[in-house]
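Pasted below: input-v4.txt, compact mmCIF, C-alpha atoms.
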# COMPACT_ATOMS: atom_id res chain seq x y z
CA MET A 196 101.46 -67.27 34.07
CA VAL A 197 100.10 -64.59 36.40
CA LEU A 198 96.31 -64.54 36.34
CA ASP A 199 94.57 -61.47 37.71
CA PRO A 200 90.87 -61.55 38.59
CA ALA A 201 90.32 -57.78 38.69
CA HIS A 202 88.74 -55.78 41.53
CA GLY A 203 87.68 -57.58 44.76
CA GLY A 204 87.04 -56.57 48.37
CA THR A 205 85.01 -53.38 48.55
CA ASP A 206 85.69 -52.73 44.85
CA LEU A 207 82.92 -54.67 43.12
CA GLY A 208 83.82 -53.45 39.62
CA ALA A 209 80.98 -53.29 37.08
CA ARG A 210 77.54 -54.00 38.55
CA GLY A 211 74.56 -55.38 36.68
CA THR A 212 70.92 -54.75 37.50
CA GLY A 213 70.44 -58.41 38.42
CA GLY A 214 72.96 -58.22 41.27
CA ILE A 215 75.85 -59.47 39.11
CA HIS A 216 79.21 -58.13 40.28
CA GLU A 217 82.32 -58.11 38.10
CA SER A 218 84.56 -58.98 41.09
CA ASP A 219 82.67 -62.27 41.73
CA ILE A 220 82.38 -63.38 38.11
CA VAL A 221 86.07 -62.84 37.28
CA LEU A 222 87.06 -65.01 40.23
CA GLU A 223 84.96 -67.85 38.83
CA PHE A 224 86.33 -67.30 35.33
CA ALA A 225 89.86 -67.34 36.78
CA ALA A 226 89.32 -70.85 38.22
CA GLN A 227 88.47 -72.18 34.75
CA VAL A 228 91.26 -70.25 33.03
CA ARG A 229 93.71 -71.62 35.59
CA THR A 230 92.69 -75.22 34.88
CA ALA A 231 92.96 -74.68 31.12
CA LEU A 232 96.41 -73.06 31.47
CA GLU A 233 97.68 -75.86 33.70
CA SER A 234 96.52 -78.39 31.14
CA GLN A 235 98.78 -76.55 28.63
CA GLY A 236 101.71 -76.98 31.01
CA PHE A 237 101.79 -73.48 32.51
CA GLN A 238 102.54 -72.78 36.16
CA VAL A 239 99.82 -70.39 37.33
CA VAL A 240 99.94 -67.75 40.06
CA GLN A 241 96.75 -65.82 40.92
CA THR A 242 96.86 -62.26 42.21
CA ARG A 243 93.90 -63.00 44.47
CA GLN A 244 92.16 -66.20 45.52
CA GLY A 245 89.27 -64.81 47.53
CA ASN A 246 87.56 -61.52 48.12
CA ALA A 247 90.74 -59.47 48.57
CA ASN A 248 91.64 -56.31 46.64
CA PRO A 249 95.40 -55.99 46.16
CA SER A 250 96.55 -52.66 44.73
CA PHE A 251 97.40 -52.31 41.03
CA ASP A 252 101.09 -52.17 41.97
CA ASP A 253 100.88 -55.29 44.17
CA ARG A 254 99.28 -57.23 41.31
CA SER A 255 101.93 -56.03 38.87
CA ALA A 256 104.65 -56.85 41.39
CA MET A 257 103.60 -60.51 41.34
CA ALA A 258 104.42 -60.64 37.61
CA ASN A 259 107.45 -58.36 37.83
CA ALA A 260 109.06 -60.63 40.42
CA GLN A 261 108.82 -63.68 38.13
CA ARG A 262 111.24 -64.58 35.37
CA GLY A 263 109.47 -64.86 32.03
CA ALA A 264 105.96 -64.28 33.32
CA ILE A 265 102.91 -63.70 31.14
CA PHE A 266 100.18 -61.55 32.70
CA VAL A 267 96.43 -61.79 32.02
CA THR A 268 93.91 -59.58 33.81
CA LEU A 269 90.23 -60.62 33.60
CA HIS A 270 87.32 -58.15 33.43
CA ILE A 271 83.57 -58.12 32.81
CA ALA A 272 82.32 -54.91 31.16
CA SER A 273 79.07 -53.08 31.73
CA THR A 274 78.81 -52.25 28.02
CA GLY A 275 79.32 -54.03 24.71
CA VAL A 276 77.32 -56.67 22.89
CA PRO A 277 76.51 -59.45 25.39
CA GLY A 278 78.32 -62.66 24.52
CA THR A 279 81.40 -60.97 23.02
CA ALA A 280 84.94 -60.70 24.36
CA ARG A 281 87.72 -58.20 23.69
CA VAL A 282 91.44 -58.25 24.37
CA TYR A 283 93.27 -55.01 25.21
CA THR A 284 96.96 -54.25 25.26
CA MET A 285 98.60 -51.09 26.55
CA ASN A 286 98.99 -48.02 24.33
CA ASP A 287 102.52 -47.12 23.35
CA LEU A 288 104.40 -45.70 26.29
CA ALA A 289 107.00 -42.99 25.71
CA PRO A 290 110.44 -44.56 26.21
CA ALA A 291 112.06 -43.54 29.48
CA ALA A 292 115.35 -41.72 29.10
CA ASP A 293 117.46 -44.05 31.17
CA ALA A 294 121.03 -44.92 30.22
CA THR A 295 121.30 -47.68 32.84
CA GLY A 296 118.94 -50.08 31.06
CA LEU A 297 116.61 -50.19 34.06
CA ILE A 298 112.87 -50.08 33.49
CA PRO A 299 111.03 -47.31 35.39
CA TRP A 300 108.16 -48.80 37.39
CA ASP A 301 105.52 -46.42 36.05
CA ARG A 302 106.35 -47.38 32.44
CA ALA A 303 107.21 -51.02 33.08
CA GLN A 304 105.03 -52.22 30.20
CA GLY A 305 106.88 -50.02 27.68
CA PRO A 306 109.49 -52.55 26.45
CA PHE A 307 106.87 -55.35 26.34
CA VAL A 308 104.24 -53.57 24.24
CA SER A 309 104.99 -55.39 20.98
CA LEU A 310 105.12 -58.80 22.71
CA SER A 311 101.83 -58.01 24.46
CA ARG A 312 100.23 -57.19 21.08
CA LYS A 313 101.41 -60.49 19.67
CA LEU A 314 99.92 -62.37 22.63
CA GLY A 315 96.76 -60.25 22.48
CA ASP A 316 96.20 -60.98 18.78
CA GLN A 317 96.66 -64.73 19.35
CA VAL A 318 94.06 -64.79 22.13
CA GLN A 319 91.65 -62.41 20.36
CA ALA A 320 91.68 -64.49 17.17
CA LEU A 321 90.59 -67.55 19.17
CA LEU A 322 87.94 -65.57 21.06
CA ALA A 323 86.56 -64.24 17.75
CA GLN A 324 86.15 -67.79 16.44
CA ARG A 325 84.26 -68.78 19.58
CA PHE A 326 82.20 -65.65 20.26
CA LYS A 327 80.61 -64.10 17.16
CA GLY A 328 80.73 -60.31 17.06
CA SER A 329 84.07 -60.12 18.91
CA PRO A 330 86.82 -58.17 17.12
CA ALA A 331 89.39 -60.09 15.05
CA THR A 332 92.43 -58.41 16.57
CA ALA A 333 93.37 -56.99 19.97
CA GLN A 334 92.70 -53.31 20.71
CA THR A 335 94.82 -50.82 22.61
CA ALA A 336 93.74 -48.86 25.68
CA SER A 337 95.38 -47.09 28.63
CA VAL A 338 94.61 -49.84 31.11
CA ARG A 339 96.10 -48.90 34.49
CA GLN A 340 96.85 -52.49 35.47
CA LEU A 341 98.93 -53.13 32.37
CA ARG A 342 101.12 -50.01 32.61
CA THR A 343 103.20 -51.17 35.58
CA THR A 344 103.54 -54.78 34.45
CA ALA A 345 106.99 -55.75 33.13
CA ALA A 346 105.86 -58.78 31.11
CA PRO A 347 103.76 -59.56 28.04
CA ALA A 348 100.39 -58.47 29.44
CA ILE A 349 96.79 -58.41 28.21
CA ALA A 350 93.39 -57.48 29.61
CA VAL A 351 90.47 -59.71 28.59
CA GLU A 352 87.05 -58.04 28.91
CA ILE A 353 83.81 -59.98 28.56
CA SER A 354 80.43 -58.37 27.82
CA SER A 355 78.61 -57.93 30.04
CA VAL A 356 77.19 -57.63 33.55
CA THR A 357 73.94 -56.35 31.98
CA VAL A 358 72.83 -59.87 30.94
CA GLU A 359 69.49 -60.80 32.49
CA ASP A 360 70.59 -64.30 33.42
CA ARG A 361 73.98 -64.90 34.98
CA ALA A 362 74.08 -68.31 33.26
CA GLN A 363 74.79 -66.47 29.99
CA LEU A 364 78.14 -65.40 31.42
CA ASP A 365 78.81 -68.78 33.03
CA HIS A 366 78.38 -70.44 29.62
CA MET A 367 81.16 -68.22 28.23
CA ALA A 368 83.76 -69.24 30.84
CA PRO A 369 84.99 -72.51 29.20
CA GLY A 370 85.40 -70.79 25.80
CA VAL A 371 87.25 -67.85 27.31
CA ALA A 372 89.50 -70.18 29.32
CA ASP A 373 90.29 -72.29 26.27
CA ALA A 374 91.09 -69.23 24.11
CA ILE A 375 93.45 -67.77 26.71
CA ALA A 376 95.24 -71.09 27.29
CA ARG A 377 95.61 -71.93 23.59
CA GLY A 378 96.60 -68.35 22.73
CA ALA A 379 99.26 -68.30 25.46
CA ALA A 380 100.56 -71.70 24.32
CA ALA A 381 100.84 -70.45 20.73
CA PHE A 382 102.62 -67.32 21.92
CA ARG A 383 105.10 -69.15 24.19
CA PRO A 384 107.69 -70.14 21.53
CA SER A 385 108.07 -66.52 20.38
CA TYR A 386 108.76 -65.22 23.89
CA VAL A 387 112.49 -65.06 24.55
CA VAL A 388 112.61 -64.88 28.32
CA PRO A 389 114.92 -62.19 29.77
CA VAL A 390 117.75 -63.35 32.03
CA ASN A 391 116.51 -61.31 35.02
CA PRO A 392 112.96 -60.56 36.12
CA GLY A 393 111.95 -57.07 35.03
CA GLU A 394 114.69 -56.93 32.41
CA ARG A 395 114.00 -55.59 28.93
CA PRO A 396 112.97 -58.41 26.54
CA MET B 1018 51.28 -35.62 96.98
CA THR B 1019 48.15 -33.78 98.20
CA PRO B 1020 45.03 -33.82 95.99
CA ARG B 1021 45.52 -30.10 95.34
CA TRP B 1022 49.10 -30.60 94.05
CA ARG B 1023 47.95 -33.56 91.98
CA TRP B 1024 45.45 -31.30 90.20
CA TRP B 1025 48.15 -28.66 89.63
CA PHE B 1026 50.48 -31.33 88.25
CA LEU B 1027 47.85 -32.83 85.90
CA GLY B 1028 46.91 -29.32 84.72
CA ALA B 1029 50.54 -28.49 83.93
CA LEU B 1030 50.94 -31.80 82.11
CA PHE B 1031 47.78 -31.13 80.07
CA LEU B 1032 49.06 -27.64 79.20
CA ALA B 1033 52.43 -29.07 78.09
CA VAL B 1034 50.69 -31.60 75.81
CA VAL B 1035 48.54 -28.84 74.25
CA ILE B 1036 51.58 -26.59 73.66
CA ALA B 1037 53.55 -29.50 72.17
CA GLY B 1038 50.60 -30.34 69.90
CA ILE B 1039 50.60 -26.79 68.54
CA TYR B 1040 54.37 -26.28 68.39
CA LEU B 1041 55.51 -29.63 66.90
CA PRO B 1042 53.88 -29.17 63.44
CA ILE B 1043 55.37 -25.66 63.27
CA LEU B 1044 58.80 -27.02 64.19
CA ARG B 1045 58.49 -29.80 61.58
CA ARG B 1046 57.52 -27.24 58.90
CA ASN B 1047 60.49 -25.04 59.82
CA ILE B 1048 62.91 -27.99 59.61
CA ARG B 1049 61.51 -28.95 56.20
CA GLN B 1050 61.88 -25.37 54.94
CA ALA B 1051 65.46 -25.15 56.25
CA ALA B 1052 66.35 -28.42 54.47
CA LYS B 1053 64.82 -27.10 51.23
CA LEU B 1054 66.77 -23.86 51.53
CA GLN B 1055 70.02 -25.76 52.10
CA GLN B 1056 69.31 -28.05 49.14
CA ARG B 1057 68.56 -25.04 46.96
CA SER B 1058 71.78 -23.26 47.95
CA GLU B 1059 73.85 -26.43 47.27
CA GLU B 1060 72.19 -26.75 43.87
CA GLN B 1061 72.79 -23.04 43.24
CA ALA B 1062 76.46 -23.41 44.15
CA ARG B 1063 76.81 -26.42 41.86
CA ARG B 1064 75.17 -24.57 38.99
CA GLU B 1065 77.36 -21.52 39.51
CA LEU B 1066 80.40 -23.77 39.59
CA THR B 1067 79.47 -25.68 36.48
CA GLN B 1068 77.82 -22.90 34.54
CA PRO B 1069 78.42 -23.56 30.85
CA THR B 1070 80.74 -21.18 29.12
CA VAL B 1071 78.74 -18.32 27.68
CA ILE B 1072 78.48 -18.54 23.92
CA ASN B 1073 79.28 -15.18 22.46
CA PRO B 1074 77.06 -14.65 19.38
CA SER B 1075 79.68 -12.34 17.90
CA ASP B 1076 82.16 -15.25 17.73
CA PRO B 1077 82.45 -16.64 14.20
CA ARG B 1078 80.38 -19.76 13.58
CA VAL B 1079 82.70 -22.65 12.92
CA LYS B 1080 82.00 -26.16 11.65
CA SER B 1081 83.26 -28.14 14.65
CA LYS B 1082 83.83 -31.87 14.87
CA LEU B 1083 82.52 -33.46 18.05
CA PHE B 1084 83.22 -37.12 18.78
CA TRP B 1085 80.54 -39.38 20.21
CA ALA B 1086 80.05 -43.17 20.00
CA SER B 1087 79.98 -44.40 16.41
CA GLY B 1088 77.05 -46.70 17.13
CA ALA B 1089 78.86 -49.67 15.61
CA ASP B 1090 79.15 -51.41 19.02
CA ASP B 1091 82.89 -51.72 18.51
CA GLY B 1092 84.10 -49.21 21.09
CA THR B 1093 84.93 -46.52 18.53
CA VAL B 1094 83.93 -42.87 18.40
CA SER B 1095 83.14 -40.94 15.24
CA ALA B 1096 82.92 -37.26 14.34
CA VAL B 1097 79.67 -35.33 14.07
CA THR B 1098 79.93 -31.88 12.46
CA VAL B 1099 78.15 -29.17 14.43
CA GLU B 1100 78.17 -25.45 13.62
CA LEU B 1101 79.08 -23.52 16.78
CA PRO B 1102 80.10 -19.94 17.56
CA LEU B 1103 83.63 -20.54 18.89
CA SER B 1104 86.05 -18.14 20.52
CA SER B 1105 89.56 -17.75 19.12
CA ASP B 1106 90.93 -17.98 22.67
CA PRO B 1107 92.00 -21.64 23.08
CA VAL B 1108 90.87 -21.94 26.72
CA LEU B 1109 87.43 -20.49 26.06
CA ARG B 1110 87.16 -22.52 22.85
CA SER B 1111 88.09 -25.74 24.73
CA LYS B 1112 85.41 -25.03 27.33
CA GLN B 1113 82.84 -24.37 24.60
CA VAL B 1114 83.50 -27.61 22.70
CA LEU B 1115 83.75 -29.74 25.87
CA ASN B 1116 80.49 -28.33 27.25
CA THR B 1117 78.80 -29.11 23.93
CA LEU B 1118 80.29 -32.61 24.07
CA LEU B 1119 78.94 -33.06 27.62
CA ALA B 1120 75.50 -31.85 26.53
CA GLY B 1121 75.44 -34.97 24.35
CA PRO B 1122 74.43 -35.92 20.82
CA VAL B 1123 70.88 -35.91 19.42
CA ASP B 1124 70.75 -39.69 19.81
CA ILE B 1125 71.33 -40.21 23.54
CA GLU B 1126 72.38 -43.82 22.87
CA LEU B 1127 75.57 -42.41 21.36
CA ARG B 1128 76.51 -40.47 24.48
CA THR B 1129 80.05 -41.12 25.73
CA LEU B 1130 79.97 -39.01 28.90
CA PRO B 1131 77.46 -39.17 31.77
CA PRO B 1132 74.66 -36.57 31.48
CA ASP B 1133 75.27 -35.30 35.01
CA ALA B 1134 79.02 -34.76 34.50
CA ALA B 1135 80.25 -31.18 34.24
CA LEU B 1136 83.45 -29.42 33.28
CA LEU B 1137 84.54 -27.49 36.38
CA ALA B 1138 87.69 -25.85 35.04
CA PHE B 1139 90.06 -25.89 32.08
CA TYR B 1140 93.63 -24.63 32.00
CA LEU B 1141 96.11 -24.45 29.17
CA PRO B 1142 99.68 -23.69 30.26
CA PRO B 1143 102.18 -22.54 27.61
CA ASP B 1144 103.68 -26.05 27.20
CA GLY B 1145 100.36 -27.17 25.68
CA THR B 1146 99.50 -29.77 28.36
CA ALA B 1147 95.90 -28.85 29.13
CA ILE B 1148 94.23 -29.69 32.43
CA ALA B 1149 90.51 -30.47 32.35
CA ASP B 1150 88.83 -30.72 35.73
CA PHE B 1151 85.53 -32.60 35.65
CA SER B 1152 82.92 -33.11 38.37
CA GLU B 1153 82.84 -36.42 40.27
CA ALA B 1154 79.94 -37.63 38.14
CA LEU B 1155 82.37 -38.30 35.29
CA ALA B 1156 83.92 -41.08 37.39
CA THR B 1157 80.88 -42.25 39.35
CA SER B 1158 78.19 -42.25 36.64
CA ILE B 1159 80.15 -43.68 33.72
CA PRO B 1160 79.53 -47.38 32.97
CA SER B 1161 82.50 -49.23 34.43
CA GLY B 1162 84.71 -51.07 31.92
CA ILE B 1163 87.76 -50.69 29.69
CA GLU B 1164 85.66 -50.10 26.55
CA SER B 1165 83.34 -47.44 27.98
CA GLU B 1166 86.09 -45.60 29.84
CA GLN B 1167 88.38 -45.55 26.78
CA MET B 1168 85.50 -44.23 24.66
CA ALA B 1169 84.93 -41.39 27.15
CA VAL B 1170 88.57 -40.34 27.00
CA ASP B 1171 88.72 -40.79 23.21
CA SER B 1172 85.71 -38.54 22.74
CA ILE B 1173 87.33 -35.80 24.85
CA THR B 1174 90.82 -35.99 23.33
CA LYS B 1175 89.64 -36.32 19.72
CA THR B 1176 87.21 -33.38 20.13
CA LEU B 1177 90.03 -31.21 21.48
CA GLU B 1178 92.38 -32.39 18.73
CA ALA B 1179 89.86 -31.46 16.04
CA ASN B 1180 88.97 -28.04 17.43
CA VAL B 1181 91.80 -26.66 19.55
CA PRO B 1182 95.16 -27.10 17.78
CA GLN B 1183 97.07 -25.51 20.69
CA VAL B 1184 96.40 -28.51 23.00
CA ARG B 1185 99.32 -30.93 22.89
CA ARG B 1186 98.43 -33.26 25.78
CA LEU B 1187 95.53 -33.52 28.22
CA LYS B 1188 95.53 -34.31 31.92
CA ILE B 1189 92.13 -35.17 33.40
CA LEU B 1190 91.33 -34.32 37.03
CA ILE B 1191 88.23 -35.33 38.94
CA HIS B 1192 86.92 -32.60 41.24
CA GLY B 1193 90.36 -31.01 41.39
CA GLN B 1194 92.10 -34.24 42.33
CA GLU B 1195 94.46 -36.50 40.42
CA VAL B 1196 92.94 -39.99 40.40
CA GLU B 1197 94.47 -43.34 39.48
CA THR B 1198 91.67 -44.51 37.17
CA LEU B 1199 88.49 -43.16 35.63
CA ALA B 1200 86.14 -45.88 36.96
CA GLY B 1201 88.48 -48.70 37.93
CA HIS B 1202 90.17 -49.41 34.59
CA LEU B 1203 91.44 -46.53 32.50
CA ASP B 1204 94.65 -44.88 33.66
CA LEU B 1205 94.21 -41.20 34.55
CA SER B 1206 97.52 -40.82 36.35
CA GLN B 1207 99.22 -39.97 33.05
CA SER B 1208 98.36 -37.33 30.46
CA PHE B 1209 96.91 -38.26 27.06
CA LEU B 1210 98.38 -37.24 23.72
CA VAL B 1211 96.00 -34.89 21.89
CA ASN B 1212 98.00 -33.26 19.11
CA ALA B 1213 101.70 -34.07 18.76
CA ASN B 1214 102.18 -31.13 16.37
CA ALA B 1215 100.70 -28.47 18.67
CA ALA B 1216 102.86 -25.36 18.66
CA PRO B 1217 103.92 -24.04 22.10
CA ARG B 1218 101.93 -20.96 23.13
CA PRO B 1219 103.70 -17.68 23.88
CA ARG B 1220 104.19 -17.33 27.64
CA ALA B 1221 102.26 -14.49 29.26
CA ALA B 1222 104.31 -11.98 31.22
CA GLY B 1223 104.83 -13.18 34.78
CA THR B 1224 103.85 -16.78 34.00
CA PRO B 1225 106.21 -19.17 35.78
CA GLY B 1226 108.26 -21.32 33.42
CA PRO B 1227 108.88 -25.05 33.68
CA ALA B 1228 112.15 -24.45 35.53
CA LEU B 1229 110.10 -23.43 38.56
CA VAL B 1230 108.39 -26.84 38.74
CA PRO B 1231 110.30 -29.04 41.20
CA PRO B 1232 111.64 -32.00 39.15
CA ALA B 1233 110.89 -34.48 41.95
CA LEU B 1234 107.15 -33.89 41.48
CA THR B 1235 107.08 -35.12 37.89
CA PRO B 1236 106.06 -38.80 37.44
CA ALA B 1237 109.23 -39.61 35.49
CA ALA B 1238 111.45 -38.22 38.23
CA ALA B 1239 109.50 -40.10 40.89
CA ALA B 1240 109.78 -43.41 39.02
CA VAL B 1241 110.93 -46.38 41.04
CA LYS B 1242 113.55 -48.53 39.39
CA LEU B 1243 112.51 -52.08 38.86
CA THR B 1244 115.64 -54.21 38.79
CA ALA B 1245 119.39 -54.26 38.74
CA PRO B 1246 121.09 -53.33 35.41
CA ALA B 1247 120.58 -55.85 32.64
CA ARG B 1248 123.37 -58.34 32.05
CA LYS B 1249 125.04 -58.33 28.67
CA ARG B 1250 124.23 -61.44 26.71
Kindly return the structure encoded in the file as structure tokens.
Amino acid sequence: MVLDPAHGGTDLGARGTGGIHESDIVLEFAAQVRTALESQGFQVVQTRQGNANPSFDDRSAMANAQRGAIFVTLHIASTGVPGTARVYTMNDLAPAADATGLIPWDRAQGPFVSLSRKLGDQVQALLAQRFKGSPATAQTASVRQLRTTAAPAIAVEISSVTVEDRAQLDHMAPGVADAIARGAAAFRPSYVVPVNPGERP
Amino acid sequence: MTPRWRWWFLGALFLAVVIAGIYLPILRRNIRQAAKLQQRSEEQARRELTQPTVINPSDPRVKSKLFWASGADDGTVSAVTVELPLSSDPVLRSKQVLNTLLAGPVDIELRTLPPDAALLAFYLPPDGTAIADFSEALATSIPSGIESEQMAVDSITKTLEANVPQVRRLKILIHGQEVETLAGHLDLSQSFLVNANAAPRPRAAGTPGPALVPPALTPAAAAVKLTAPARKR
């Protein structure tokens, strides 16, 4: 499981009026998600531990180098109904005309889109039970981080940095962590792991 | 120093203080005026650059669909029908609908694009892949997040789809530059599908064809291969 707390370093991500920064909050969420995933038996790799800001490609590379990885990128929005959570998967990517069977880096997510949707729906359904007002199924969006990831990959976005009290977001962390871990565990049996890392599923 | 020279020195010093007292406020006023003039010329340049496309009253009034936030708090956009005089030229028409979209809906809560963002340029090559160049405010003033950034792009692409059938795909530039994301999330390095059924436009005489574009510059040609060939199972 590759867990990606988005942004970091000089990139603070979404910023709330109360001094809440997306880059800080996602790091704290990641710690709880990691514990929940490990309790489900997953091995977890984080794309950043501290206040670093690896590039999109470097983060994707961490998943692309693993065999049978699942990728989750964590975000806090600056919009949306506070206390809700949404899962995004990548839009359909045009298939690359490549007779060799290799996956082009800039469309790495292409062959994994349907698996990502399956994972996304599992996690979103659990989030919807926990956080009223959240959608019932995962949505699609052109998320840059997901495009170059050759693995089932989802973006989880929590609303929002505009809350007056940061504790409102902190209270969501255990529920988000539990939904991601249980959703990934439910998805695991349906994921036939490719022989080589980066290979088409 | 003799007493006489001391008096000369003190006199000169006094004179210098008096001159400085008179000249400094004048200098300060001149600096302030120069700063104002510079500010005004920058503002003028920006306005000239981002001047909205002139609406020609002789253009036929068309019921246009413009897409702003639906207001359902679910990240969707919905169409609002507005009657606008629109040109039959697809480039001019695109500029007219996008400028109206940027001007915003009646209910400002349903706005999808920042109020200070402007369309700087719009091109439509014969292959139907339009290029819309927006000012930096589109990236810097938009609320950061997957939902808000996707809504901004949806409102642009759906508005073009509904009003300019010649646009097949859309590439968004920020201040003339290709950028990786809109505000940290949404991918702007690729073009967006607008209308899969758009018919190719006739090429104007002297317009370079796609064969003149070096293949190595296209994203697909520049793709880096990920792994060795897949094993047969």
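Each of B:Ala1147, B:Ala1086, B:Leu1190, B:Pro1160 was compared to Ile1125 (chain B) using all atoms listed in the file, and B:Ala1086 turns out to be the nearest.
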Atom-to-atom span, CA of Gly208 (chain A) and CA of Ser1165 (chain B), Å:
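Interatomic distance, CA of Gly208 (chain A) to CA of Ser1165 (chain B): 13.1 Å.
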Report, in Å to a single decimal, how far apart CA of Ile1189 (chain B) and CA of Leu288 (chain A) are.
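Taking CA of Leu288 (chain A) as the start and CA of Ile1189 (chain B) as the end point, the length is 17.7 Å.
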For region 339-351 of chain A, find every residue with an atom within 7 Å (counting only C-alpha atoms), except residues of its own chain fewer than 4 positions away, and show them as a PyMOL selection string.
(chain A and resi 251-252+255+258-259+264-270+281-285+300-304+307+310-311+315+393) or (chain B and resi 1198+1202-1204)
Restricting it to C-alpha atoms, dump the selection as an mmCIF file, keeping the file's coordinate frame.
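Here's the written file selection-v6.cif:
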data_model
loop_
_atom_site.group_PDB
_atom_site.id
_atom_site.type_symbol
_atom_site.label_atom_id
_atom_site.label_comp_id
_atom_site.auth_asym_id
_atom_site.auth_seq_id
_atom_site.Cartn_x
_atom_site.Cartn_y
_atom_site.Cartn_z
ATOM 1 C CA PHE A 251 97.400 -52.310 41.030
ATOM 2 C CA ASP A 252 101.090 -52.170 41.970
ATOM 3 C CA SER A 255 101.930 -56.030 38.870
ATOM 4 C CA ALA A 258 104.420 -60.640 37.610
ATOM 5 C CA ASN A 259 107.450 -58.360 37.830
ATOM 6 C CA ALA A 264 105.960 -64.280 33.320
ATOM 7 C CA ILE A 265 102.910 -63.700 31.140
ATOM 8 C CA PHE A 266 100.180 -61.550 32.700
ATOM 9 C CA VAL A 267 96.430 -61.790 32.020
ATOM 10 C CA THR A 268 93.910 -59.580 33.810
ATOM 11 C CA LEU A 269 90.230 -60.620 33.600
ATOM 12 C CA HIS A 270 87.320 -58.150 33.430
ATOM 13 C CA ARG A 281 87.720 -58.200 23.690
ATOM 14 C CA VAL A 282 91.440 -58.250 24.370
ATOM 15 C CA TYR A 283 93.270 -55.010 25.210
ATOM 16 C CA THR A 284 96.960 -54.250 25.260
ATOM 17 C CA MET A 285 98.600 -51.090 26.550
ATOM 18 C CA TRP A 300 108.160 -48.800 37.390
ATOM 19 C CA ASP A 301 105.520 -46.420 36.050
ATOM 20 C CA ARG A 302 106.350 -47.380 32.440
ATOM 21 C CA ALA A 303 107.210 -51.020 33.080
ATOM 22 C CA GLN A 304 105.030 -52.220 30.200
ATOM 23 C CA PHE A 307 106.870 -55.350 26.340
ATOM 24 C CA LEU A 310 105.120 -58.800 22.710
ATOM 25 C CA SER A 311 101.830 -58.010 24.460
ATOM 26 C CA GLY A 315 96.760 -60.250 22.480
ATOM 27 C CA GLY A 393 111.950 -57.070 35.030
ATOM 28 C CA THR B 1198 91.670 -44.510 37.170
ATOM 29 C CA HIS B 1202 90.170 -49.410 34.590
ATOM 30 C CA LEU B 1203 91.440 -46.530 32.500
ATOM 31 C CA ASP B 1204 94.650 -44.880 33.660
#
Interatomic distance between CA of Ala376 (chain A) and CA of Gly236 (chain A)?
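CA of Gly236 (chain A) lies at a distance of 9.5 Å from CA of Ala376 (chain A).
Using all atoms listed in the file, the nearest neighbour of chain A within the list B:Ile1148, B:Ala1215, B:Leu1187, B:Ala1089 is B:Ala1089.
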Which residues come within 10 Å of Phe224 (chain A), counting all atoms listed in the file, excluding same-chain residues fewer than 6 positions away, as a short mmCIF file (atom, residue, chain, number, x, y, z; two decimals) with C-alpha atoms, in the coordinates of the input?
data_model
loop_
_atom_site.label_atom_id
_atom_site.label_comp_id
_atom_site.auth_asym_id
_atom_site.auth_seq_id
_atom_site.Cartn_x
_atom_site.Cartn_y
_atom_site.Cartn_z
CA PRO A 200 90.87 -61.55 38.59
CA LEU A 269 90.23 -60.62 33.60
CA HIS A 270 87.32 -58.15 33.43
CA ILE A 271 83.57 -58.12 32.81
CA LEU A 364 78.14 -65.40 31.42
CA ASP A 365 78.81 -68.78 33.03
CA MET A 367 81.16 -68.22 28.23
CA ALA A 368 83.76 -69.24 30.84
CA PRO A 369 84.99 -72.51 29.20
CA VAL A 371 87.25 -67.85 27.31
CA ALA A 372 89.50 -70.18 29.32
#
Contact check, chain A to chain B, at most 7 Å, counting all atoms listed in the file, closest pairs as a Markdown table:
| residue | atom | partner | partner_atom | distance |
| --- | --- | --- | --- | --- |
| A:Gly208 | CA | B:Ser1161 | CA | 6.8 |
| A:Ala209 | CA | B:Ser1161 | CA | 5.1 |
| A:Ala272 | CA | B:Gly1162 | CA | 4.6 |
| A:Ser273 | CA | B:Ser1161 | CA | 5.8 |
| A:Thr274 | CA | B:Ser1165 | CA | 6.6 |
| A:Gly275 | CA | B:Asp1090 | CA | 6.3 |
| A:Val276 | CA | B:Asp1090 | CA | 6.8 |
| A:Thr295 | CA | B:Pro1246 | CA | 6.2 |
| A:Gly296 | CA | B:Pro1246 | CA | 5.8 |
| A:Leu297 | CA | B:Pro1246 | CA | 5.6 |
| A:Ile298 | CA | B:Leu1243 | CA | 5.7 |
| A:Pro299 | CA | B:Lys1242 | CA | 4.9 |
| A:Trp300 | CA | B:Val1241 | CA | 5.2 |
| A:Asp301 | CA | B:Ala1240 | CA | 6.0 |
| A:Ala336 | CA | B:Gln1167 | CA | 6.4 |
| A:Ser337 | CA | B:Asp1204 | CA | 5.5 |
| A:Val338 | CA | B:Leu1203 | CA | 4.8 |
| A:Arg339 | CA | B:Asp1204 | CA | 4.4 |
| A:Gly393 | CA | B:Thr1244 | CA | 6.0 |
| A:Glu394 | CA | B:Ala1247 | CA | 6.0 |
As lines of an AutoDock Vina configuration file: centre and edge lengths in Å, one decimal, of the axis-aligned box holding region 1206-1212 of chain B with 6 Å per side:
center_x = 97.6
center_y = -37.0
center_z = 27.7
size_x = 15.2
size_y = 19.6
size_z = 29.2
Mind listing whatever residues come within 8 Å of the point (99.0, -65.8, 19.9)? Use only C-alpha atoms, file coordinates, and give them as a ChimeraX atom specification.
/A:313-318,320,377-382
